[in-house]
Every structure is written in C-alpha cells, then in structure tokens.
Amino acid sequence: MKYIIEHLEPEMFDWCVIEYRHISQIVGKENLIITNVKKGNEKIEELGEIHKESVSGMKLQKACVLDPEAMLALHPEDSEEFEYLIFGGILGDHPPRKRTKPELTSKIDADSRNLGDRQMSTDTAVYVAKKIVDGIPLRKIKFKDGIELDVAEGESVILPYRYVLENGKIVLPEGFVEFLRDRDEF
C-alpha cells in the first residue's frame, strides 16, 4: 500500500514536517508519497517520494481518498481493493470546515472512505488507516477525543481532535510537544 499526502498548506510549516516525519516512520519512506509541494521540499526530501504536482494529475488506479465526509468507513477488506490511500495535509479547524471534499475528493477520480466521525491530524489518520488495512477494524482501535498538553508551568493547550490510545498513552509524533512548548503564540 502506498500512502499519499496531498500537501494543502501554503508553505511547509514546521508542524507539517513533524507530522510528515511521523507518517514516514509509520508507513516507511518507500511507501510515502507527498504531492503538491510547491516550496520547502528540502525539509522533507528524506521522508519519501516528493512531487511538486498535485495527486489530481497522477491518474491513479485503485486509489481511495480518506475524507471525513465519505459515506463508507475504511475496512480491512479495502486493502485488497486499493493500492493508494490519499490524505489531505491540512491543518484542521475547530469546528471543522470540511475542506477535504472541495480541496481534494472532488478533484480526484477515486473512491472515498472515512475513519469515523471525528477530525484527526494527518499523521493520526494515516496511523489509523494503516492499522485498518493491516487487519484491525476501526471499532477495535481505542481513541481519546480532545487532549490537553502541558506546554509551560501553569499553561496548557487543548487539541480538540481525535487521537489514538495505545497501551494507555496518546500516540503523538516525536518532538510535537516540544514544538508546542517553543511556540510564541497559539
């Protein structure tokens, strides 16, 4: 299975690099394709195959867009139907603005699936999709909806998205909490 991230941000922000590095660790750089990278490709070139062009121009067969608005959920059997899973590299808003469909799904001739009814970070979505295509049904994956992370003494940040719980711990990219601690503002 190949995992394609359509980079939909105007530049290669540091948070994108952190998430894309995590995705590369999850699926292996030989299985990661990042498309629509207009600038900042030098920050991520060791993480996988990088394309300036959009995935919409690739004319892929056996592809599936992971879209929270899709009617059907991704199932383990889908691993036999699809060769490519396509994700939008978009910073989510709360409440969600439902940008995946207009910015990605509507531009690609492919099936679509969802990963449940809650918004996830891109790396979390890839993590969940990989677990599913590796045989674990969505209903058996444990989640935590909304997390609070301490970033300084007496300060925390609340992330209103869905995260995976493994062995009682939230799955986050390496360096993510430090990145939040180093930010000047939110």
# chains A, B, ... in the order shown; residues from 1 in each chain; ligands from 1
call {"tool": "select_by_dssp", "arguments": {"residues": "region 6-181 of chain A", "states": "helix (DSSP H, G or I)", "output": "NGL selection string"}}
result
:A and (14-27 or 29-31 or 41-43 or 45-47 or 55-57 or 78-81 or 100-103 or 105-107 or 122-133 or 138-140 or 176-181)
call {"tool": "residues_around", "arguments": {"residues": "Glu6 (chain A)", "least_positions_apart": "2", "cutoff": "6 Å", "atoms": "only C-alpha atoms", "output": "list in words"}}
result
Ile34, Thr35, Asn36, Gly88 and Gly89 of chain A
call {"tool": "residues_around", "arguments": {"residues": "Ser79 (chain A)", "least_positions_apart": "4", "cutoff": "8 Å", "atoms": "only C-alpha atoms", "output": "list in words"}}
result
Met1, His75, Glu83, Val133 and Asp134 of chain A
call {"tool": "residues_around", "arguments": {"residues": "Arg139 (chain A)", "least_positions_apart": "5", "cutoff": "10 Å", "atoms": "only C-alpha atoms", "output": "ChimeraX atom specification"}}
result
/A:75,115-116,132
call {"tool": "write_last_selection", "arguments": {"atoms": "N, CA and C atoms", "output": "PDB file, in the first residue's frame"}}
result
ATOM      1  N   HIS A  75     -12.382  -0.296   5.760  1.00  0.00           N
ATOM      2  CA  HIS A  75     -12.411  -1.626   6.374  1.00  0.00           C
ATOM      3  C   HIS A  75     -11.166  -2.413   5.967  1.00  0.00           C
ATOM      4  N   LEU A 115     -12.781   7.633   8.389  1.00  0.00           N
ATOM      5  CA  LEU A 115     -12.159   6.962   9.536  1.00  0.00           C
ATOM      6  C   LEU A 115     -12.943   7.283  10.805  1.00  0.00           C
ATOM      7  N   GLY A 116     -14.257   7.344  10.653  1.00  0.00           N
ATOM      8  CA  GLY A 116     -15.101   7.704  11.779  1.00  0.00           C
ATOM      9  C   GLY A 116     -15.592   9.128  11.625  1.00  0.00           C
ATOM     10  N   ILE A 132      -5.955  -0.268  10.030  1.00  0.00           N
ATOM     11  CA  ILE A 132      -7.124  -0.889   9.408  1.00  0.00           C
ATOM     12  C   ILE A 132      -6.711  -1.777   8.239  1.00  0.00           C
TER      13      ILE A 132
END
call {"tool": "closest_residue", "arguments": {"among": "A:Ala73, A:Val37, A:Ala110, A:Val17", "to": "Glu53 (chain A)", "atoms": "only C-alpha atoms"}}
result
A:Val37
call {"tool": "atom_distance", "arguments": {"atom1": "CA of Val177 (chain A)", "atom2": "CA of Val151 (chain A)"}}
result
7.2 Å
call {"tool": "closest_residue", "arguments": {"among": "A:Asp111, A:Asp117, A:Glu148, A:Glu11", "to": "Lys39 (chain A)", "atoms": "only C-alpha atoms"}}
result
A:Glu11
call {"tool": "atom_distance", "arguments": {"atom1": "CA of Glu42 (chain A)", "atom2": "CA of Phe176 (chain A)"}}
result
20.0 Å
call {"tool": "residues_around", "arguments": {"residues": "Ser24 (chain A)", "least_positions_apart": "4", "cutoff": "10 Å", "atoms": "only C-alpha atoms", "output": "list in words"}}
result
Tyr3, Glu19, Tyr20, Gly28, Lys29, Glu30, Asn31, Leu32, Ile33, Ile44, Glu46, Leu47, Gly48, Asp123 and Val126 of chain A
call {"tool": "closest_residue", "arguments": {"among": "A:Val157, A:Thr124, A:Ala70, A:Ile136", "to": "Ile170 (chain A)", "atoms": "only C-alpha atoms"}}
result
A:Thr124
call {"tool": "closest_residue", "arguments": {"among": "A:Met120, A:Ala129, A:Leu60, A:Leu104", "to": "Arg162 (chain A)", "atoms": "only C-alpha atoms"}}
result
A:Met120
